[in-house]
Structure formats: C-alpha cells, structure tokens
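Chemist: Dumping the structure here so I can ask a few things about it.
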Amino acid sequence: MAKKTRTFVRGMNSETYTLNQFRRAQLAAPRVRDNTIVTDTGDSVAHSGDSAKTRTWWRIGPGDEPFLTQTIQVHFNEFPGESANNGHGHQNEAAFYILEGRGYEIHDGLRYDWEKGDLCFVHTDSHHQHFNPYPEVARALVFKSKSLWMFMGLIQQGRKGPIDRPDEFGEREEWSRIWTPGAVDMNKVVKPTDGQWEYTPLGYMRWMNHKDKTPNNRQFSMDFYEVTTPAGGRTGKYWKMADQVFYALQGDGYSLMWEVEAEIAEKYYARIAKEPTRHEFREGDTIYVPQNTVVQHFAADGTPLHLLGAENRIFQYLGYDNIYFFEDAPEYTEHQDS
C-alpha cells in the first residue's frame, strides 16, 4: 500500500505549450464549499499542530481533488475549553480569524491575546503555540499562502528540538538579522475596532490587512477585508487578476462569475463570457473566485450579507495592482450623490 503523503506544492504538466486543459479543469470544480467538505482532517502524515484535544480540518489546499487553488490555503482550528495545541515552527506566515471564543498565542516567547472577530498573525520564521485557557470552545479560520514559501525553497519547519548534525554547525545566531527592518515592532492582532469602514465601489468595507492601507501590520503575503451588503443588495461588479476566497460570516446569497478568456493577437485582449455561472452559498460557506474572473456577490432577501475576503498579495507585486469595476455597489453611488 502506498504511503499517504501531504501535497505542499501542486505541479502542472502539459504535453503542449498551452495550459488550457488545466484551467478548464480548475474552472469546472465546484467553487462553494460547506461544512460537509473536509479535504483533510489533519490525522494523516506530515501534520504536527494538533494535541490530543485540539482539532484541525482543511477546506482548501493544493492537494485537493477537485483542485481549486494553491495561492490561498484555508483550514479550521478548534480548541476545546482549557486546551492547547502542540507548538511548532514554519517559515510561512498564517492568519487566524477568530470565529468563536477567546485565547492567546505564544510566538517566539511573546504572548498575544485574541477573541472573536480578531485577526491574529503568525509571522515568518515563528515558533508558535495556541492556547484556550477558558471554559468555552474557541474556533479559528486560518488562511495562508504556504505553497508560495514552499515553491521558493523556504521549507525549514518542524517541532521544537535539536538540529541534525550539531557538530557540523557553529553557535546560534539571531535569525531576525535577515528580516525586514522594524518587523518585530509591527502589529500582530487586528481588532474589530481597528481600521476605517468606508463606502467603496465594492461596497461598505474595512481593510484588515493591506500593503498600503495597513503598513504597520506584520503580515506580508495575504490581504484581508470585510464587506457588508444590505439584504437583497449586491456588491460592485469587478474584474481582477488575483483569485480570492470569501467566507460568509453572516447571511446567505449567491455569486455571479464571468469567465475571462485571453485572445492573443498583436497583444493580449480579454474576452468576457456573455453569461455568468451562478454559485449559491450559505452562512459558514467558503466561496472561491478563480484567477482572472469578473465577479459580483448578492445578498439573499431578508438577511444582510457579511463577507470576509482573502487574497494572495503576490499578484500586486507581479503587476496586477488594479481592480476594474463594471458596476459600483449601490451604496457607494448613493453615498457619492449625497
């Protein structure tokens, strides 16, 4: 029997120069995942975080079948009352959105408290452990771009312990010498009261992490925001290159997504599908928006919609720093006219 392994980076193979077949398979995968979808329970080989009490289960990852994305990984952590998981370390960042309960982190010997609605960052090259000393259950939704670190060869990770071949190496040096200057003084926990809610073409939103809008946050790979939509309302209709994962914090609804095809002539042209695909979701679901897609989100009648959005920041450094709006959110238009 073959040994079960974990996929850290997914490969792409093709007998031709184009990757159309790979993209078609990706676009054909269901884009809404609910609580019945568990792609990995964390019980398999190569997972080191859980203790006897804590629990982890994956929603989106590079080894998924059908495959969605490896630019954003999503999993849940659950900490029963008076529990802690195993401490471990990895080079990649992670961000914990606290869905329920309260607790604290120990990162490199420092304590960071968190509670429901907070976004807590695990920084690069961090030994960390999560604690729930309180009687109620705590749950977190975890986002990370781990495959990016893996692809770049930043793969030094594991449990606390001595190194292999210690006689071949010198004394300890401070790893932080090669970090971005000032990183250790940056903010590690974003509270619900942090940031500015504002009317934008997307809707009424608040940036929780962004390379320009929150420069003092210690999270460099993922951007996060919240957007709310009145019952029966809609967000703006927009086009961007980065793929995204949304989590429905409150309310039900649906997303319309228009595929964008590249027509390569004397330059690249975009050809947008005449008809969108429709993706129904409920509170607690994740909604995946593929790369290079036009999308618009709609709230069901009767309940306001509150979405948490996440995307990999690397797209902005690759030259895709713009969002094009075909239609603004109604609240933004009304606010501009008032």
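Residues are referred to by chain and number: the chain letter is A, B, ... according to the order shown in the structure tokens, the number counts from 1 in that chain, and ligands are numbered separately from 1 in the order shown.
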Might you pull out every residue within 8 Å of Asn132 (chain A), with only C-alpha atoms counted and same-chain residues fewer than 2 positions away left off, and present them as a list of chain:residue names?

Modeler: A:Phe79, A:Pro80, A:Gly81, A:Glu82, A:Ser83, A:Ala84, A:Arg102, A:Gly103, A:Tyr104, A:His130, A:Tyr134, A:Val137, A:Ala138

Chemist: Could you save the residues just selected, with all heavy atoms, as an mmCIF file, in the first residue's frame?

Modeler:
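Contents of again03.cif, as written:
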data_model
loop_
_atom_site.group_PDB
_atom_site.id
_atom_site.type_symbol
_atom_site.label_atom_id
_atom_site.label_comp_id
_atom_site.auth_asym_id
_atom_site.auth_seq_id
_atom_site.Cartn_x
_atom_site.Cartn_y
_atom_site.Cartn_z
ATOM 1 N N PHE A 79 -10.335 24.621 19.453
ATOM 2 C CA PHE A 79 -9.688 24.464 20.740
ATOM 3 C C PHE A 79 -10.770 24.340 21.819
ATOM 4 O O PHE A 79 -11.406 25.340 22.178
ATOM 5 C CB PHE A 79 -8.801 25.673 21.044
ATOM 6 C CG PHE A 79 -7.840 26.027 19.945
ATOM 7 C CD1 PHE A 79 -8.163 27.005 18.999
ATOM 8 C CD2 PHE A 79 -6.621 25.389 19.833
ATOM 9 C CE1 PHE A 79 -7.290 27.333 17.981
ATOM 10 C CE2 PHE A 79 -5.736 25.710 18.821
ATOM 11 C CZ PHE A 79 -6.064 26.680 17.889
ATOM 12 N N PRO A 80 -11.009 23.116 22.319
ATOM 13 C CA PRO A 80 -11.968 22.968 23.423
ATOM 14 C C PRO A 80 -11.502 23.767 24.644
ATOM 15 O O PRO A 80 -10.347 24.211 24.717
ATOM 16 C CB PRO A 80 -11.943 21.464 23.705
ATOM 17 C CG PRO A 80 -11.419 20.849 22.456
ATOM 18 C CD PRO A 80 -10.458 21.838 21.887
ATOM 19 N N GLY A 81 -12.406 23.938 25.602
ATOM 20 C CA GLY A 81 -12.044 24.666 26.812
ATOM 21 C C GLY A 81 -10.834 24.063 27.494
ATOM 22 O O GLY A 81 -10.669 22.841 27.547
ATOM 23 N N GLU A 82 -9.958 24.942 27.978
ATOM 24 C CA GLU A 82 -8.767 24.544 28.726
ATOM 25 C C GLU A 82 -7.905 23.560 27.928
ATOM 26 O O GLU A 82 -7.599 22.450 28.351
ATOM 27 C CB GLU A 82 -9.157 23.946 30.074
ATOM 28 C CG GLU A 82 -9.947 24.922 30.942
ATOM 29 C CD GLU A 82 -10.385 24.336 32.268
ATOM 30 O OE1 GLU A 82 -10.216 23.114 32.459
ATOM 31 O OE2 GLU A 82 -10.879 25.095 33.103
ATOM 32 N N SER A 83 -7.520 24.000 26.728
ATOM 33 C CA SER A 83 -6.696 23.159 25.855
ATOM 34 C C SER A 83 -5.642 24.004 25.165
ATOM 35 O O SER A 83 -5.691 25.231 25.160
ATOM 36 C CB SER A 83 -7.566 22.447 24.811
ATOM 37 O OG SER A 83 -8.074 23.388 23.865
ATOM 38 N N ALA A 84 -4.671 23.311 24.574
ATOM 39 C CA ALA A 84 -3.630 23.949 23.766
ATOM 40 C C ALA A 84 -3.178 22.953 22.715
ATOM 41 O O ALA A 84 -3.248 21.732 22.928
ATOM 42 C CB ALA A 84 -2.449 24.373 24.630
ATOM 43 N N ARG A 102 -12.180 32.766 22.778
ATOM 44 C CA ARG A 102 -11.044 33.627 23.070
ATOM 45 C C ARG A 102 -9.870 32.760 23.511
ATOM 46 O O ARG A 102 -10.025 31.578 23.809
ATOM 47 C CB ARG A 102 -11.397 34.642 24.167
ATOM 48 C CG ARG A 102 -11.971 33.996 25.415
ATOM 49 C CD ARG A 102 -12.497 34.990 26.406
ATOM 50 N NE ARG A 102 -13.180 34.311 27.506
ATOM 51 C CZ ARG A 102 -13.106 34.692 28.781
ATOM 52 N NH1 ARG A 102 -12.384 35.749 29.109
ATOM 53 N NH2 ARG A 102 -13.760 34.023 29.712
ATOM 54 N N GLY A 103 -8.682 33.354 23.537
ATOM 55 C CA GLY A 103 -7.492 32.628 23.921
ATOM 56 C C GLY A 103 -6.269 33.487 23.702
ATOM 57 O O GLY A 103 -6.354 34.718 23.671
ATOM 58 N N TYR A 104 -5.132 32.835 23.517
ATOM 59 C CA TYR A 104 -3.911 33.589 23.271
ATOM 60 C C TYR A 104 -2.896 32.725 22.528
ATOM 61 O O TYR A 104 -3.019 31.505 22.465
ATOM 62 C CB TYR A 104 -3.313 34.138 24.568
ATOM 63 C CG TYR A 104 -2.804 33.093 25.537
ATOM 64 C CD1 TYR A 104 -1.471 32.659 25.510
ATOM 65 C CD2 TYR A 104 -3.635 32.553 26.522
ATOM 66 C CE1 TYR A 104 -0.993 31.718 26.412
ATOM 67 C CE2 TYR A 104 -3.171 31.611 27.429
ATOM 68 C CZ TYR A 104 -1.842 31.200 27.358
ATOM 69 O OH TYR A 104 -1.380 30.255 28.250
ATOM 70 N N HIS A 130 -0.883 27.758 20.330
ATOM 71 C CA HIS A 130 -2.170 28.405 20.551
ATOM 72 C C HIS A 130 -2.821 27.814 21.804
ATOM 73 O O HIS A 130 -2.850 26.591 21.982
ATOM 74 C CB HIS A 130 -3.077 28.196 19.341
ATOM 75 C CG HIS A 130 -2.381 28.395 18.030
ATOM 76 N ND1 HIS A 130 -1.977 29.632 17.586
ATOM 77 C CD2 HIS A 130 -1.981 27.512 17.077
ATOM 78 C CE1 HIS A 130 -1.378 29.508 16.405
ATOM 79 N NE2 HIS A 130 -1.361 28.234 16.088
ATOM 80 N N TYR A 134 -9.824 29.123 28.718
ATOM 81 C CA TYR A 134 -11.171 29.442 29.179
ATOM 82 C C TYR A 134 -12.103 28.239 29.000
ATOM 83 O O TYR A 134 -11.795 27.308 28.249
ATOM 84 C CB TYR A 134 -11.691 30.658 28.423
ATOM 85 C CG TYR A 134 -10.740 31.829 28.495
ATOM 86 C CD1 TYR A 134 -9.959 32.198 27.391
ATOM 87 C CD2 TYR A 134 -10.593 32.538 29.684
ATOM 88 C CE1 TYR A 134 -9.076 33.257 27.468
ATOM 89 C CE2 TYR A 134 -9.697 33.614 29.762
ATOM 90 C CZ TYR A 134 -8.950 33.960 28.660
ATOM 91 O OH TYR A 134 -8.061 35.000 28.737
ATOM 92 N N VAL A 137 -15.506 26.835 24.041
ATOM 93 C CA VAL A 137 -14.760 26.409 22.857
ATOM 94 C C VAL A 137 -14.305 27.635 22.057
ATOM 95 O O VAL A 137 -15.013 28.643 21.970
ATOM 96 C CB VAL A 137 -15.639 25.502 21.970
ATOM 97 C CG1 VAL A 137 -14.943 25.198 20.640
ATOM 98 C CG2 VAL A 137 -15.963 24.205 22.697
ATOM 99 N N ALA A 138 -13.121 27.546 21.486
ATOM 100 C CA ALA A 138 -12.626 28.573 20.564
ATOM 101 C C ALA A 138 -12.411 27.940 19.188
ATOM 102 O O ALA A 138 -11.927 26.812 19.092
ATOM 103 C CB ALA A 138 -11.326 29.173 21.081
#

Chemist: Based on DSSP run over this structure's backbone, return all residues of region 305-335 of chain A in strand (DSSP E), as number ranges by chain.

Modeler: A: 305-312, 324-327

Chemist: Please write the residues from the selection above to a file, keeping all heavy atoms, as a CSV table (one decimal), in the first residue's frame.

Modeler:
chain,number,residue,atom,x,y,z
A,305,LEU,N,-25.7,40.6,4.3
A,305,LEU,CA,-24.6,39.7,4.0
A,305,LEU,C,-23.3,40.3,4.5
A,305,LEU,O,-23.0,41.5,4.2
A,305,LEU,CB,-24.5,39.5,2.4
A,305,LEU,CG,-23.4,38.6,1.9
A,305,LEU,CD1,-23.5,37.2,2.5
A,305,LEU,CD2,-23.4,38.6,0.4
A,306,HIS,N,-22.5,39.5,5.2
A,306,HIS,CA,-21.2,40.0,5.7
A,306,HIS,C,-20.1,39.0,5.3
A,306,HIS,O,-20.1,37.8,5.7
A,306,HIS,CB,-21.3,40.1,7.2
A,306,HIS,CG,-20.0,40.6,7.9
A,306,HIS,ND1,-19.9,40.7,9.3
A,306,HIS,CD2,-18.9,41.1,7.4
A,306,HIS,CE1,-18.7,41.2,9.6
A,306,HIS,NE2,-18.1,41.5,8.4
A,307,LEU,N,-19.2,39.4,4.4
A,307,LEU,CA,-18.2,38.5,3.8
A,307,LEU,C,-16.8,38.9,4.3
A,307,LEU,O,-16.5,40.1,4.5
A,307,LEU,CB,-18.2,38.6,2.3
A,307,LEU,CG,-19.4,38.1,1.6
A,307,LEU,CD1,-19.3,38.4,0.1
A,307,LEU,CD2,-19.7,36.6,1.8
A,308,LEU,N,-16.0,37.9,4.6
A,308,LEU,CA,-14.6,38.1,4.9
A,308,LEU,C,-13.8,37.6,3.6
A,308,LEU,O,-14.0,36.5,3.1
A,308,LEU,CB,-14.1,37.2,6.1
A,308,LEU,CG,-12.6,37.1,6.3
A,308,LEU,CD1,-12.1,38.5,6.8
A,308,LEU,CD2,-12.4,36.1,7.4
A,309,GLY,N,-13.0,38.5,3.0
A,309,GLY,CA,-12.3,38.2,1.8
A,309,GLY,C,-10.8,38.1,2.0
A,309,GLY,O,-10.2,38.8,2.9
A,310,ALA,N,-10.2,37.2,1.3
A,310,ALA,CA,-8.7,37.0,1.4
A,310,ALA,C,-8.1,36.7,0.1
A,310,ALA,O,-8.8,36.1,-0.8
A,310,ALA,CB,-8.4,35.8,2.3
A,311,GLU,N,-6.9,37.2,-0.1
A,311,GLU,CA,-6.2,37.0,-1.4
A,311,GLU,C,-4.7,37.1,-1.2
A,311,GLU,O,-4.2,37.7,-0.2
A,311,GLU,CB,-6.7,38.0,-2.5
A,311,GLU,CG,-6.4,39.5,-2.1
A,311,GLU,CD,-7.0,40.4,-3.1
A,311,GLU,OE1,-8.2,40.5,-3.2
A,311,GLU,OE2,-6.2,41.1,-3.8
A,312,ASN,N,-4.0,36.5,-2.1
A,312,ASN,CA,-2.5,36.5,-2.0
A,312,ASN,C,-2.0,37.8,-2.6
A,312,ASN,O,-2.2,38.2,-3.7
A,312,ASN,CB,-2.0,35.3,-2.8
A,312,ASN,CG,-0.6,35.0,-2.6
A,312,ASN,OD1,0.3,35.8,-2.4
A,312,ASN,ND2,-0.3,33.7,-2.5
A,324,TYR,N,-10.8,46.6,-11.8
A,324,TYR,CA,-11.7,47.3,-12.7
A,324,TYR,C,-13.1,47.1,-12.4
A,324,TYR,O,-13.6,45.9,-12.3
A,324,TYR,CB,-11.4,46.9,-14.2
A,324,TYR,CG,-12.2,47.7,-15.1
A,324,TYR,CD1,-11.7,49.0,-15.6
A,324,TYR,CD2,-13.4,47.3,-15.7
A,324,TYR,CE1,-12.4,49.7,-16.5
A,324,TYR,CE2,-14.1,48.0,-16.5
A,324,TYR,CZ,-13.6,49.3,-16.9
A,324,TYR,OH,-14.4,50.0,-17.8
A,325,PHE,N,-13.9,48.1,-12.2
A,325,PHE,CA,-15.3,48.0,-11.8
A,325,PHE,C,-16.2,48.3,-13.0
A,325,PHE,O,-16.1,49.4,-13.6
A,325,PHE,CB,-15.7,48.9,-10.7
A,325,PHE,CG,-15.2,48.4,-9.3
A,325,PHE,CD1,-14.0,48.8,-8.8
A,325,PHE,CD2,-16.1,47.6,-8.5
A,325,PHE,CE1,-13.5,48.3,-7.6
A,325,PHE,CE2,-15.6,47.2,-7.3
A,325,PHE,CZ,-14.4,47.5,-6.8
A,326,PHE,N,-17.0,47.3,-13.4
A,326,PHE,CA,-18.0,47.5,-14.4
A,326,PHE,C,-19.3,48.1,-13.8
A,326,PHE,O,-20.0,48.8,-14.6
A,326,PHE,CB,-18.4,46.1,-15.1
A,326,PHE,CG,-17.3,45.5,-15.8
A,326,PHE,CD1,-16.4,44.6,-15.2
A,326,PHE,CD2,-17.0,45.9,-17.2
A,326,PHE,CE1,-15.4,44.0,-16.0
A,326,PHE,CE2,-16.0,45.3,-17.9
A,326,PHE,CZ,-15.2,44.3,-17.3
A,327,GLU,N,-19.5,47.9,-12.6
A,327,GLU,CA,-20.7,48.5,-11.9
A,327,GLU,C,-20.3,48.7,-10.4
A,327,GLU,O,-19.7,47.8,-9.8
A,327,GLU,CB,-21.8,47.4,-12.0
A,327,GLU,CG,-23.1,47.8,-11.3
A,327,GLU,CD,-24.1,46.7,-11.4
A,327,GLU,OE1,-24.1,46.0,-12.4
A,327,GLU,OE2,-24.9,46.6,-10.4

Chemist: Leaving out Arg218 (chain A) and any residue of its chain fewer than 4 positions from it, which residues lie within 6 Å of it when counting only C-alpha atoms, given as a VMD selection string?

Modeler: chain A and resid 186 to 188

Chemist: Write a file of the just-selected residues containing N, CA, C and O atoms, as a PDB file, in the first residue's frame.

Modeler:
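File selection_23.pdb, as written:
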ATOM      1  N   MET A 186       5.976  45.462  14.545  1.00  0.00           N
ATOM      2  CA  MET A 186       4.704  45.618  13.831  1.00  0.00           C
ATOM      3  C   MET A 186       3.552  44.960  14.582  1.00  0.00           C
ATOM      4  O   MET A 186       3.751  44.103  15.447  1.00  0.00           O
ATOM      5  N   ASN A 187       2.325  45.360  14.218  1.00  0.00           N
ATOM      6  CA  ASN A 187       1.105  44.877  14.857  1.00  0.00           C
ATOM      7  C   ASN A 187       0.832  43.423  14.502  1.00  0.00           C
ATOM      8  O   ASN A 187       0.960  43.021  13.344  1.00  0.00           O
ATOM      9  N   LYS A 188       0.425  42.641  15.499  1.00  0.00           N
ATOM     10  CA  LYS A 188       0.182  41.210  15.292  1.00  0.00           C
ATOM     11  C   LYS A 188      -1.283  40.812  15.434  1.00  0.00           C
ATOM     12  O   LYS A 188      -1.657  39.711  15.050  1.00  0.00           O
TER      13      LYS A 188
END

Chemist: For Arg23 (chain A), list every protein, DNA or RNA residue within 12 Å, evaluated using only C-alpha atoms, and leave out those in the same chain fewer than 5 positions away; present the list as a ChimeraX atom specification.

Modeler: /A:12-14,18,28-29,67-69,259-262,290-292

Chemist: At a cut-off of 6 Å, using only C-alpha atoms, what residues contact region 120-124 of chain A? Leave out same-chain residues fewer than 5 positions from it and give the result as a list in words.

Modeler: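 The filter keeps Gln91, Asn92, Glu93, Ala94, Ala95, Phe96, Lys188 and Val189 of chain A.
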
Chemist: How close does each residue of region 142-219 of chain A get to region 57-63 of chain A, giving the shortest atom pair and distance in Å to one decimal for every residue with an atom at most 12 Å away, counting only C-alpha atoms, sorted by chain and residue number, as a Markdown table?

Modeler:
| residue | atom | partner | partner_atom | distance |
| --- | --- | --- | --- | --- |
| A:Val142 | CA | A:Trp58 | CA | 9.3 |
| A:Phe143 | CA | A:Ile60 | CA | 9.5 |
| A:Lys144 | CA | A:Gly61 | CA | 9.8 |
| A:Ser145 | CA | A:Gly61 | CA | 9.6 |
| A:Lys146 | CA | A:Gly61 | CA | 9.4 |
| A:Ser147 | CA | A:Pro62 | CA | 7.6 |
| A:Leu148 | CA | A:Pro62 | CA | 10.9 |
| A:Met150 | CA | A:Pro62 | CA | 11.4 |
| A:Phe151 | CA | A:Pro62 | CA | 11.9 |

Chemist: Could you work out how far CA of His127 (chain A) lies from CA of Asp108 (chain A), giving the answer in Å with one decimal?

Modeler: 5.4 Å

Chemist: Write out as a list of chain:residue names which residues come within 9 Å of Thr228 (chain A) when counting only C-alpha atoms, dropping same-chain ones fewer than 2 positions away.

Modeler: A:Gly203, A:Tyr204, A:Met205, A:Glu226, A:Pro230, A:Thr235, A:Pro304, A:Leu305, A:His306, A:Leu307

Chemist: Dump C-alpha atoms for the selected residues as a compact mmCIF listing (two decimals), in the first residue's frame?

Modeler:
# COMPACT_ATOMS: atom_id res chain seq x y z
CA GLY A 203 -19.46 48.11 -1.05
CA TYR A 204 -19.25 49.14 2.59
CA MET A 205 -15.93 47.66 3.64
CA GLU A 226 -14.67 42.68 5.33
CA PRO A 230 -27.86 45.01 2.77
CA THR A 235 -21.59 44.36 -4.29
CA PRO A 304 -27.69 41.29 5.38
CA LEU A 305 -24.55 39.72 3.95
CA HIS A 306 -21.18 39.98 5.71
CA LEU A 307 -18.20 38.53 3.83

Chemist: Just list as number ranges by chain whatever in region 46-279 of chain A DSSP marks as helix (DSSP H, G or I).

Modeler: A: 146-151, 166-168, 175-178, 183-185

Chemist: Would you mind telling me which residue in A:Glu15, A:Glu168, A:Asp185, A:Asp252 lies nearest to Phe281 (chain A) when using only C-alpha atoms?

Modeler: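 Result for the nearest residue to Phe281 (chain A): A:Asp252.
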
Chemist: Considering only C-alpha atoms, state which residue in the set A:Ala242, A:Val38, A:Val227, A:Leu110 is at the smallest distance from Asp321 (chain A).

Modeler: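 Residue with the minimum atom-to-atom distance to Asp321 (chain A): A:Ala242.
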
Chemist: Pick from A:Asn20, A:Asp118, A:Met152, A:Met241: nearest to Gly319 (chain A), with only C-alpha atoms counted?

Modeler: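 Smallest separation from Gly319 (chain A) among the options: A:Met241.
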
Chemist: What gap, in Å, lies between CA of Gln196 (chain A) and CA of Asp223 (chain A)?

Modeler: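 A separation of 15.3 Å between them.
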
Chemist: Given only C-alpha atoms as the basis, pick out the residue of A:Ile106, A:Ile264, A:Leu27, A:Val190 nearest to Thr214 (chain A).

Modeler: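 Result for the nearest residue to Thr214 (chain A): A:Val190.
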
Chemist: Pro30 (chain A): which residues within 9 Å, counting only C-alpha atoms, same-chain residues fewer than 3 positions away excluded, as a ChimeraX atom specification?

Modeler: /A:26-27,33,66,68,279,288

Chemist: Create the file for the chosen residues now, containing N, CA, C and O atoms and written as a compact mmCIF listing (two decimals), in the first residue's frame.

Modeler:
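Result saved to selection-v3.txt:
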# COMPACT_ATOMS: atom_id res chain seq x y z
N GLN A 26 -9.81 23.33 -13.58
CA GLN A 26 -9.92 24.16 -12.38
C GLN A 26 -11.25 24.91 -12.35
O GLN A 26 -11.94 24.96 -11.32
N LEU A 27 -11.65 25.47 -13.49
CA LEU A 27 -12.89 26.24 -13.54
C LEU A 27 -14.12 25.34 -13.41
O LEU A 27 -15.19 25.82 -13.04
N ARG A 33 -17.82 25.65 -0.94
CA ARG A 33 -17.61 24.51 -0.06
C ARG A 33 -18.23 24.80 1.30
O ARG A 33 -18.01 25.87 1.87
N PRO A 66 -11.61 17.78 -6.32
CA PRO A 66 -11.07 18.58 -7.42
C PRO A 66 -10.27 19.79 -6.92
O PRO A 66 -10.54 20.31 -5.85
N LEU A 68 -8.82 23.52 -6.59
CA LEU A 68 -9.22 24.91 -6.75
C LEU A 68 -8.01 25.83 -6.89
O LEU A 68 -7.85 26.51 -7.88
N HIS A 279 -23.37 30.77 -8.25
CA HIS A 279 -22.86 29.93 -7.17
C HIS A 279 -23.56 30.33 -5.86
O HIS A 279 -23.26 31.37 -5.28
N TYR A 288 -15.02 30.43 -3.64
CA TYR A 288 -13.76 30.62 -4.35
C TYR A 288 -14.00 31.35 -5.66
O TYR A 288 -14.89 30.98 -6.44

Chemist: Between A:Glu263, A:Asp50, A:Asp125, A:Glu198, which one has atoms that come closest to Tyr225 (chain A), using only C-alpha atoms?

Modeler: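 Among the listed residues, the smallest separation from Tyr225 (chain A) belongs to A:Glu198.
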
Chemist: So how far away is CA of Val295 (chain A) from CA of Lys240 (chain A), in Å?

Modeler: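 CA of Lys240 (chain A) sits 8.8 Å away from CA of Val295 (chain A).
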